[in-house]
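Taking it in order: structure first as structure tokens, then the write-up.
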Number of protein chains: 2
Amino acid sequence: MAPRPGLSRDLIVKTAADLLDEADGREVTLGQIAAALGVRTPSLYNHIDGQDDLLRGLAVFAVRELGARISRAAIGRTGEDAILAIGHAYRQFAHERPRLYQASLRAPDPDHQALIDASEEILDVLRLVLKPYQLSPEDQIHAIRGLRSLMHGFVSLELAGGFGLPVDIDESYRRLLTGFIRGLQREGGA
Amino acid sequence: MAPRPGLSRDLIVKTAADLLDEADGREVTLGQIAAALGVRTPSLYNHIDGQDDLLRGLAVFAVRELGARISRAAIGRTGEDAILAIGHAYRQFAHERPRLYQASLRAPDPDHQALIDASEEILDVLRLVLKPYQLSPEDQIHAIRGLRSLMHGFVSLELAGGFGLPVDIDESYRRLLTGFIRGLQREGGA
DNA sequence: TTGCCAAACTAATATCATTAGTTTATGATT
DNA sequence: AATCATAAACTAATGATATTAGTTTGGCAA
């Protein structure tokens, strides 16, 4: 039922993701992906529906990887400890695979179900670590938005070269996170 | 000394910026810019040095516009009031011109002097509104990085469609900012 | 063994950015 | 006022890329 099982959507996306952070150019081309797979460019179209579809796939791939990492980081930790660990894992992922990290937000269609599903794992983890602060359902949503904004904004500016001055960047990030956490403690009960 | 004064680097950049947020495609092409200026594509090369140079120009243009807006917003205000006004202006700019806002961080060369100069105006404003909190020079840098991260992270996720739930987004942003400000008050003296 | 069908291929097209080389308008010079 | 030099705009050509059309082929099912 599956002749010539060389290619598949997942393999193409994974190959593209691998190329993403080694390629020198601004974009990974379908030609590069095909070459890495030992195949001609049009063959990719049997499995993906053009560039936009590839971008969607990459976004899902990236969000899954990010989710896996922060889940792992949170294991066995609670409260401030857990949030800092997640923040660290988040930033580390962005450092290790900057282009893949950026791809996580470059999906042409953010409402695509697969992407929403993948994001759900991240949200689950965040909800879990916020539990001790006993926020109301609405406060929890505000807090999650805030935490994601912090992490994304910081690493995003950092990757864009936005922090020029010779002052410890790790320390800036640590302060940003701890400041946010203290704000939670004030707000909730913990 | 300047024959046929039709085109100029500034005009090209401005035209590109205008096209940015009306174009439907993913990118603004040199052909679209040339057409909008009533000129053939290669003519642009007399004034800009290819796409990368255009991106640099767009980044500078965007940062200047952003800087002008937040400066204006801060006039006549101090402390929490000023910071909230800046945050509002920042987010409003991103809403009004989302692609131009994104271009402010897409420069191929973040160390380019013109871009650094343009960013300096933003930093000046932020330094000014943080003055009442009497932070040490180093604390001030951490605070500026934090504030920029907050604002950029939030609007960036918002633009990417990252906030799905039907909970008031304005409120999330307001809380994020006020939480940060309260952290400053704890840290500094004010 | 045969036939079907998806998967991979070749060939062709359209859109871009970019470079080379030509023409021309305009300010400067005689 | 006439001419010249030069930068600005042009046409033409090239190379890279995504995408589509149409052909070939390999592997599973009957």
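Letters A, B, ... mark the chains of the structure tokens in the order given; residue numbers begin at 1 per chain; ligand numbers begin at 1, in order shown.
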**Asked** Looking only at the backbone, which of the residues in chain B does DSSP tag as helix (DSSP H, G or I), as a ChimeraX atom specification?
**Response** /B:9-20,30-36,41-46,50-74,79-96,98-103,113-133,137-159,169-187
Residues as selected, C-alpha atoms, written as a CSV table (one decimal), in the first residue's frame, can you do that?
```
chain,number,residue,atom,x,y,z
B,9,ARG,CA,17.2,55.6,-1.2
B,10,ASP,CA,14.8,57.2,1.2
B,11,LEU,CA,12.0,57.2,-1.2
B,12,ILE,CA,12.5,53.6,-2.1
B,13,VAL,CA,12.5,52.6,1.5
B,14,LYS,CA,9.4,54.6,2.3
B,15,THR,CA,7.6,53.1,-0.7
B,16,ALA,CA,8.6,49.6,0.4
B,17,ALA,CA,7.3,50.4,3.9
B,18,ASP,CA,4.0,51.6,2.5
B,19,LEU,CA,3.6,48.5,0.4
B,20,LEU,CA,4.6,46.2,3.2
B,30,LEU,CA,11.5,44.7,-5.9
B,31,GLY,CA,9.2,44.6,-8.9
B,32,GLN,CA,6.3,45.8,-6.8
B,33,ILE,CA,8.3,48.7,-5.4
B,34,ALA,CA,9.6,49.7,-8.8
B,35,ALA,CA,6.1,49.6,-10.2
B,36,ALA,CA,4.8,51.8,-7.4
B,41,THR,CA,13.3,47.1,-11.3
B,42,PRO,CA,17.0,47.4,-12.1
B,43,SER,CA,16.8,51.1,-11.6
B,44,LEU,CA,16.5,50.5,-7.9
B,45,TYR,CA,20.0,49.2,-7.8
B,46,ASN,CA,21.3,52.7,-8.4
B,50,GLY,CA,20.0,44.7,-3.3
B,51,GLN,CA,17.5,43.1,-1.0
B,52,ASP,CA,19.6,42.9,2.1
B,53,ASP,CA,20.3,46.6,1.9
B,54,LEU,CA,16.6,47.3,1.5
B,55,LEU,CA,15.9,45.2,4.6
B,56,ARG,CA,18.5,47.3,6.5
B,57,GLY,CA,16.8,50.5,5.3
B,58,LEU,CA,13.4,49.2,6.3
B,59,ALA,CA,14.6,48.3,9.8
B,60,VAL,CA,16.0,51.7,10.3
B,61,PHE,CA,12.8,53.3,9.0
B,62,ALA,CA,10.7,51.1,11.3
B,63,VAL,CA,12.8,51.8,14.4
B,64,ARG,CA,12.6,55.5,13.7
B,65,GLU,CA,8.9,55.5,13.4
B,66,LEU,CA,8.5,53.4,16.5
B,67,GLY,CA,10.8,55.7,18.4
B,68,ALA,CA,8.9,58.8,17.3
B,69,ARG,CA,5.7,57.2,18.5
B,70,ILE,CA,6.8,56.2,21.9
B,71,SER,CA,8.6,59.5,22.4
B,72,ARG,CA,5.4,61.3,21.6
B,73,ALA,CA,3.4,59.0,23.9
B,74,ALA,CA,5.7,59.7,26.8
B,79,GLY,CA,6.4,57.0,36.2
B,80,GLU,CA,3.9,54.3,35.7
B,81,ASP,CA,1.7,56.6,33.7
B,82,ALA,CA,4.5,57.1,31.2
B,83,ILE,CA,5.5,53.4,31.0
B,84,LEU,CA,1.9,52.4,30.3
B,85,ALA,CA,1.6,55.1,27.6
B,86,ILE,CA,4.7,53.9,25.9
B,87,GLY,CA,3.5,50.3,26.1
B,88,HIS,CA,0.3,51.3,24.5
B,89,ALA,CA,2.0,53.2,21.7
B,90,TYR,CA,4.4,50.4,21.1
B,91,ARG,CA,1.5,47.9,20.8
B,92,GLN,CA,-0.6,50.2,18.7
B,93,PHE,CA,2.3,50.7,16.2
B,94,ALA,CA,2.6,46.9,15.9
B,95,HIS,CA,-1.1,46.6,15.3
B,96,GLU,CA,-1.3,49.4,12.7
B,98,PRO,CA,2.4,44.7,11.6
B,99,ARG,CA,4.8,44.0,8.8
B,100,LEU,CA,6.7,47.2,9.3
B,101,TYR,CA,7.0,46.4,12.9
B,102,GLN,CA,8.4,43.0,12.1
B,103,ALA,CA,10.8,44.5,9.7
B,113,GLN,CA,25.5,52.0,12.6
B,114,ALA,CA,22.3,53.6,11.3
B,115,LEU,CA,20.3,51.0,13.0
B,116,ILE,CA,22.1,51.5,16.3
B,117,ASP,CA,21.6,55.2,16.0
B,118,ALA,CA,17.9,54.8,15.4
B,119,SER,CA,17.6,52.4,18.3
B,120,GLU,CA,19.3,54.9,20.5
B,121,GLU,CA,16.2,57.2,20.5
B,122,ILE,CA,14.1,54.4,21.8
B,123,LEU,CA,16.6,53.6,24.5
B,124,ASP,CA,16.8,57.3,25.5
B,125,VAL,CA,13.0,57.4,26.0
B,126,LEU,CA,13.1,54.2,28.1
B,127,ARG,CA,16.0,55.5,30.2
B,128,LEU,CA,14.0,58.7,30.8
B,129,VAL,CA,10.9,57.0,32.0
B,130,LEU,CA,12.9,54.7,34.2
B,131,LYS,CA,14.7,57.6,35.9
B,132,PRO,CA,12.2,58.1,38.7
B,133,TYR,CA,12.9,54.5,39.9
B,137,PRO,CA,23.3,51.8,35.8
B,138,GLU,CA,23.3,48.1,35.6
B,139,ASP,CA,19.8,47.6,37.0
B,140,GLN,CA,18.7,50.1,34.5
B,141,ILE,CA,20.0,48.0,31.6
B,142,HIS,CA,18.3,44.9,33.0
B,143,ALA,CA,15.1,46.9,33.3
B,144,ILE,CA,15.2,48.2,29.8
B,145,ARG,CA,15.9,44.7,28.4
B,146,GLY,CA,13.0,43.4,30.4
B,147,LEU,CA,10.6,46.1,29.3
B,148,ARG,CA,11.5,45.7,25.7
B,149,SER,CA,11.1,41.9,26.0
B,150,LEU,CA,7.7,42.3,27.5
B,151,MET,CA,6.4,44.6,24.9
B,152,HIS,CA,8.0,42.8,21.9
B,153,GLY,CA,7.1,39.4,23.2
B,154,PHE,CA,3.5,40.2,23.8
B,155,VAL,CA,2.8,42.0,20.5
B,156,SER,CA,4.8,39.5,18.6
B,157,LEU,CA,2.9,36.5,19.9
B,158,GLU,CA,-0.3,38.4,19.5
B,159,LEU,CA,0.4,39.2,15.8
B,169,ILE,CA,-6.1,40.6,25.5
B,170,ASP,CA,-5.9,44.3,26.4
B,171,GLU,CA,-6.2,43.3,30.0
B,172,SER,CA,-3.4,40.7,29.7
B,173,TYR,CA,-1.1,43.4,28.4
B,174,ARG,CA,-2.0,45.9,31.0
B,175,ARG,CA,-1.4,43.4,33.7
B,176,LEU,CA,2.0,42.4,32.3
B,177,LEU,CA,3.1,46.0,32.2
B,178,THR,CA,1.8,46.9,35.6
B,179,GLY,CA,3.3,43.8,37.1
B,180,PHE,CA,6.7,44.8,35.7
B,181,ILE,CA,6.3,48.3,37.0
B,182,ARG,CA,5.6,47.1,40.5
B,183,GLY,CA,8.7,45.0,40.3
B,184,LEU,CA,10.7,48.1,39.5
B,185,GLN,CA,9.2,49.9,42.5
B,186,ARG,CA,10.3,47.1,44.7
B,187,GLU,CA,13.8,47.1,43.2
```
**Message:** Give me the residues near stretch 2-8 of chain D as a PyMOL selection string, where near means some atom within 12 Å (using only C-alpha atoms (C1' of nucleotides)) and where sequence neighbours in that chain fewer than 2 positions away do not count.
**Reply:** (chain B and resi 1-8+39-40+42-47) or (chain C and resi 23-30) or (chain D and resi 10)
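Our summary of the geometry notes that atom CA of A:Asp109 is positioned 20.0 Å from atom CA of A:Thr29.
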**Request:** Could the residues of chain C within 8 Å of chain A, counting only C-alpha atoms (C1' of nucleotides), be given as a ChimeraX atom specification, please?
**Result:** /C:6-9
Atoms to include: C-alpha atoms (C1' of nucleotides). Write the selected residues as a PDB file, in the first residue's frame.
```
ATOM      1  C1'  DA C   6       1.058   6.219  -5.979  1.00  0.00           C
ATOM      2  C1'  DA C   7       5.690   7.950  -6.138  1.00  0.00           C
ATOM      3  C1'  DA C   8       9.288   9.564  -8.434  1.00  0.00           C
ATOM      4  C1'  DC C   9      10.898  11.458 -12.679  1.00  0.00           C
TER       5       DC C   9
END
```
Per residue of chain D within 12 Å of chain A, note the shortest atom pair and the distance in Å to one decimal, counting only C-alpha atoms (C1' of nucleotides), and order the rows by chain and increasing residue number, as JSON lines.
```
{"residue": "D:DA16", "atom": "C1'", "partner": "A:Gly31", "partner_atom": "CA", "distance": 10.1}
{"residue": "D:DT17", "atom": "C1'", "partner": "A:Thr29", "partner_atom": "CA", "distance": 7.7}
{"residue": "D:DA18", "atom": "C1'", "partner": "A:Gly50", "partner_atom": "CA", "distance": 8.0}
{"residue": "D:DT19", "atom": "C1'", "partner": "A:Gly50", "partner_atom": "CA", "distance": 8.0}
{"residue": "D:DT20", "atom": "C1'", "partner": "A:Pro42", "partner_atom": "CA", "distance": 9.4}
{"residue": "D:DA21", "atom": "C1'", "partner": "A:Pro42", "partner_atom": "CA", "distance": 11.4}
{"residue": "D:DT25", "atom": "C1'", "partner": "A:Arg4", "partner_atom": "CA", "distance": 10.2}
{"residue": "D:DG26", "atom": "C1'", "partner": "A:Arg4", "partner_atom": "CA", "distance": 6.9}
{"residue": "D:DG27", "atom": "C1'", "partner": "A:Pro3", "partner_atom": "CA", "distance": 5.2}
{"residue": "D:DC28", "atom": "C1'", "partner": "A:Met1", "partner_atom": "CA", "distance": 5.8}
{"residue": "D:DA29", "atom": "C1'", "partner": "A:Met1", "partner_atom": "CA", "distance": 8.6}
```
**Fill in**
Atom pair atom CA of B:Phe163 + atom CA of A:Ile75, distance 25.5 Å
**Prompt:** Can you tell me how far atom CA of B:Pro108 sits from atom CA of A:Ala160, in Å to one decimal?
**Reply:** 9.0 Å
